[in-house]
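The next block holds one structure in the form of structure tokens; read it before the comments.
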Amino acid sequence: MSQSIDLKQADRKVFTASFDDGLVDIFISSVTLMFAVGPLTTAYINPYLGDFWGDLLGTVMFLPLWGITYLVLRWIRKKFVGPRRGVVKFGPTRKRKMSTFSWLMLTLNVVFLILGILFAVVPSGPGWLNVLPFSAMVLISFTLAAYFLDLNRFYIYGLMLGLAPIVGEWLYREFGVSHHGFPVTFGIATVVIFLVGLVKLFSILRENPFPVEEPTPQA
Amino acid sequence: MEKRQTTDGLEVEKLVDIDPLVHAPARLMVMTYLYVVDNLDFVYLRRITGLSWGNLSTHLTKLEEAGYVKLEKSFVDKKPHTMISLTDEGRKAFRDYKDSIQEVLGNLPD
């Protein structure tokens, strides 16, 4: 018998079991796909519209993809994952933690959106300087998510995606890789995250068959 | 009451006060998970505990009879659905158990 009961570990297990089904990873990969494919599309648009409007249109073009991905993943969660997973309602401590996380992410996104617009409007500096705020935003966002959601692999995602533009810029300067190396670095990160999500999803589906009708507890 | 206390400060008689209903490993696991949530359903609890339907059902019945858990039965898509939560009494029993076991075993010499 252990000398103490680790309630934090129990809370972590109950919490991560509620959503760690790989679908989040797959959705993240659909977002990061934009950074891999976006530069290729904007290369054709920007000469006509300019950098700002070209990049904006390039981003907006991905909205339907994200929307469809979100709806499909939601359907998968409702039809296949939900019945296997069951239902849980968390206590006040976890709810407070999630509320703090939501506010932090919202604030962070607003701050970085403003910074992003400033960087897009103000005449740009060297490539290294341009990618730093983006890298910082990704790194901080994923670190916060990893901490608050108790998902350690998000630290790795943060590092991978935070370093992607810097490594991409290095590839561009050293080896002349096109589009600042984004298609290569973000492409690799996207594939890795997508595969992790897919493996996670299939293992959840395999390990948790559809439950039989629950028995009525009786003496 | 005179305490049977060793030189290491181990209060042995506290072991007698430990609630045997909570002490059973499977029920202790169930109560630990229930303690950290508001409520959850049968499927969720079965998944995180790894217990069989029958085993879990038996333990829940014992806990319900003791007044430690509340089972709210309903039907979802014409199938029985049970939400499970700890009662105030169950929370107190779990806290008392945790404190007692920590007090006794936490003072054991290496």
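How things are named: the first chain in the structure tokens is A, the next is B, and so on; residues count from 1 in each chain; ligands count from 1 in the order shown.
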
Pick out the chain B residues within 7 Å of chain A. Count only C-alpha atoms. Give them as a ChimeraX atom specification.
/B:32-33,36-41,43-44,53,57-58,60-61,79-80,98,101-102,105-106

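What separates atom CA of Pro133 of chain A from atom CA of Gly158 of chain A is a distance of 13.5 Å.
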
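Using only C-alpha atoms, the residues found no farther than 10 Å from Arg91 of chain B, other than those of its own chain fewer than 3 positions away, are Met31, Thr32, Leu34, Tyr35, Val36, Tyr68, Val69, Ser85, Leu86, Thr87, Asp88, Phe94, Arg95, Asp96 and Tyr97 of chain B.
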
Expected file contents, prior selection, C-alpha atoms, as a short mmCIF file (atom, residue, chain, number, x, y, z; two decimals), in the first residue's frame:
data_model
loop_
_atom_site.label_atom_id
_atom_site.label_comp_id
_atom_site.auth_asym_id
_atom_site.auth_seq_id
_atom_site.Cartn_x
_atom_site.Cartn_y
_atom_site.Cartn_z
CA MET B 31 -13.29 6.52 -4.92
CA THR B 32 -10.00 8.23 -5.86
CA LEU B 34 -14.64 9.95 -8.20
CA TYR B 35 -13.03 12.32 -5.69
CA VAL B 36 -11.34 14.40 -8.43
CA TYR B 68 -20.67 6.91 -0.29
CA VAL B 69 -21.73 7.19 -3.93
CA SER B 85 -20.73 10.79 -8.05
CA LEU B 86 -19.36 10.78 -4.52
CA THR B 87 -21.76 11.94 -1.84
CA ASP B 88 -20.61 14.38 0.86
CA PHE B 94 -12.22 9.25 1.47
CA ARG B 95 -10.50 12.25 3.10
CA ASP B 96 -10.48 10.52 6.49
CA TYR B 97 -9.05 7.38 4.94
#
